[in-house]
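Worksheet: the structure to be examined is printed underneath.
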Amino acid sequence: MPYTGSQAQPGRGSTISIGTSSPPVIGEVADITLNRGKWDFANTTNLQSGSDEEMLAVIRKAAQMTLKGNRVDTDAGQIAVEAAYQAGSLQTFVIQLPKTAAQTTIGDKYTFTAYVDSSDFTISPTKQIEFTMQLQTSGAITLTAGS
């Protein structure tokens, strides 16, 4: 079948929320760097391995994520993130992607627990106040495919 065009999905319309009971969306997030952790490997090379190393996947390291956006002091989601940062408490986060052309009900969803590792601000006289939040996950990041 010949190439008919990109199937890339835009990020606009995506949301990230925090909490489990009526979780608020974290408002005005402009950028999410979502990594899903990297595998750690044990070198199992032995005398019978020949000339190439043998590796065994042993554990996936916890992911870190970065959120960037516009600071809004009255935003319920940003207030919840600040409270989680101050408390050092583990929170549930959900990233909801918009529907793709093949999905009719809901887009893909990523669910994970994380600590708010840092919550920083950039203040400049020539632009809006921006936040950068670092999340440290604990456990798996679960993908629920949209439909």
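Chain labels A, B, ... are given in the sequence in which chains occur in the structure tokens; within each chain residues are numbered consecutively from 1, and ligands are likewise numbered from 1 in the order shown.
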
Closest atom pairs, range 63-127 of chain A residues within 7 Å of range 6-29 of chain A, only C-alpha atoms, as CSV:
```
residue,atom,partner,partner_atom,distance
A:Leu67,CA,A:Val29,CA,6.7
A:Lys68,CA,A:Val29,CA,5.8
A:Gly69,CA,A:Val29,CA,4.2
A:Asn70,CA,A:Glu28,CA,5.5
A:Asp75,CA,A:Gly27,CA,6.1
A:Ala76,CA,A:Pro24,CA,6.1
A:Gly77,CA,A:Ile26,CA,3.9
A:Gln78,CA,A:Ile26,CA,5.4
A:Gln91,CA,A:Gly19,CA,5.9
A:Thr92,CA,A:Gly19,CA,5.1
A:Phe93,CA,A:Ile18,CA,4.6
A:Val94,CA,A:Ser17,CA,5.3
A:Ile95,CA,A:Ile16,CA,4.3
A:Gln96,CA,A:Thr15,CA,5.3
A:Leu97,CA,A:Ser14,CA,4.5
A:Pro98,CA,A:Ser14,CA,5.6
A:Thr100,CA,A:Gln9,CA,6.7
```

- [ ] Within 8 Å of range 142-144 of chain A, counting only C-alpha atoms, which residues show up once you throw out same-chain ones fewer than 2 positions away? Write them as a PyMOL selection string, please.
- [x] chain A and resi 108-112+140+146

For the residues in that selection, give me C-alpha atoms as a compact mmCIF listing (two decimals), in the first residue's frame.
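Output (selection06.txt):
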```txt
# COMPACT_ATOMS: atom_id res chain seq x y z
CA ASP A 108 -5.49 6.76 25.05
CA LYS A 109 -4.85 7.28 28.77
CA TYR A 110 -1.68 6.93 30.86
CA THR A 111 -2.11 6.42 34.62
CA PHE A 112 0.72 6.47 37.16
CA ALA A 140 4.38 1.22 36.47
CA GLY A 146 -8.77 4.47 23.72
```

Open item on the list: At a cut-off of 8 Å, using only C-alpha atoms, what residues contact Phe41 in chain A? Leave out same-chain residues fewer than 5 positions from it and give the result as a ChimeraX atom specification.
Closed with: /A:55-59

Take the selection from the previous step and output its residues with N, CA and C atoms, as a PDB file, in the first residue's frame.
```pdb
ATOM      1  N   MET A  55      23.016 -10.033  27.708  1.00  0.00           N
ATOM      2  CA  MET A  55      22.393  -9.152  28.686  1.00  0.00           C
ATOM      3  C   MET A  55      21.016  -9.707  29.075  1.00  0.00           C
ATOM      4  N   LEU A  56      20.619  -9.428  30.309  1.00  0.00           N
ATOM      5  CA  LEU A  56      19.331  -9.848  30.828  1.00  0.00           C
ATOM      6  C   LEU A  56      18.615  -8.624  31.383  1.00  0.00           C
ATOM      7  N   ALA A  57      17.410  -8.336  30.896  1.00  0.00           N
ATOM      8  CA  ALA A  57      16.612  -7.238  31.440  1.00  0.00           C
ATOM      9  C   ALA A  57      16.170  -7.636  32.840  1.00  0.00           C
ATOM     10  N   VAL A  58      16.495  -6.810  33.854  1.00  0.00           N
ATOM     11  CA  VAL A  58      16.198  -7.190  35.230  1.00  0.00           C
ATOM     12  C   VAL A  58      15.131  -6.316  35.881  1.00  0.00           C
ATOM     13  N   ILE A  59      15.162  -5.018  35.666  1.00  0.00           N
ATOM     14  CA  ILE A  59      14.158  -4.141  36.282  1.00  0.00           C
ATOM     15  C   ILE A  59      14.100  -2.838  35.496  1.00  0.00           C
TER      16      ILE A  59
END
```

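Look at Gln134 in chain A: the protein and nucleic acid residues within 8 Å of it, using only C-alpha atoms and passing over chain neighbours fewer than 2 places away, are Gln64, Met65, Thr66, Leu67, Val116, Asp117, Ser118, Ser119, Thr132 and Gln136 of chain A.
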
Task: alpha helix (DSSP H) residues, from DSSP on the backbone, in range 2-138 of chain A, as a ChimeraX atom specification - done: /A:76-87

Generate the output file for the selected residues, C-alpha atoms, as an mmCIF file, in the first residue's frame.
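What follows is the written file again_37.cif:
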```cif
data_model
loop_
_atom_site.group_PDB
_atom_site.id
_atom_site.type_symbol
_atom_site.label_atom_id
_atom_site.label_comp_id
_atom_site.auth_asym_id
_atom_site.auth_seq_id
_atom_site.Cartn_x
_atom_site.Cartn_y
_atom_site.Cartn_z
ATOM 1 C CA ALA A 76 -7.262 23.815 41.369
ATOM 2 C CA GLY A 77 -4.843 21.411 39.681
ATOM 3 C CA GLN A 78 -1.827 23.651 40.258
ATOM 4 C CA ILE A 79 -2.913 24.119 43.888
ATOM 5 C CA ALA A 80 -3.125 20.306 44.289
ATOM 6 C CA VAL A 81 0.369 19.916 42.791
ATOM 7 C CA GLU A 82 1.742 22.503 45.226
ATOM 8 C CA ALA A 83 0.105 20.669 48.157
ATOM 9 C CA ALA A 84 1.600 17.357 46.984
ATOM 10 C CA TYR A 85 5.007 19.012 46.634
ATOM 11 C CA GLN A 86 4.846 20.485 50.139
ATOM 12 C CA ALA A 87 3.670 17.184 51.679
#
```

Task: Selected residue, from A:Val72, A:Ile123, A:Leu90, A:Leu135, that lies nearest to Leu34 in chain A when counting only C-alpha atoms - done: A:Leu135

Open item on the list: Rounded to one decimal, what separation in Å do you get between CA of Arg60 in chain A and CA of Ala114 in chain A?
Closed with: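 Taking CA of Arg60 in chain A and CA of Ala114 in chain A, their separation equals 15.3 Å.
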
Open item on the list: Between A:Ala63, A:Ala42, A:Ile129, A:Ile32, which residue has the minimum interatomic distance to Ile141 in chain A, considering only C-alpha atoms?
Closed with: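 Closest residue, counting only C-alpha atoms: A:Ala63.
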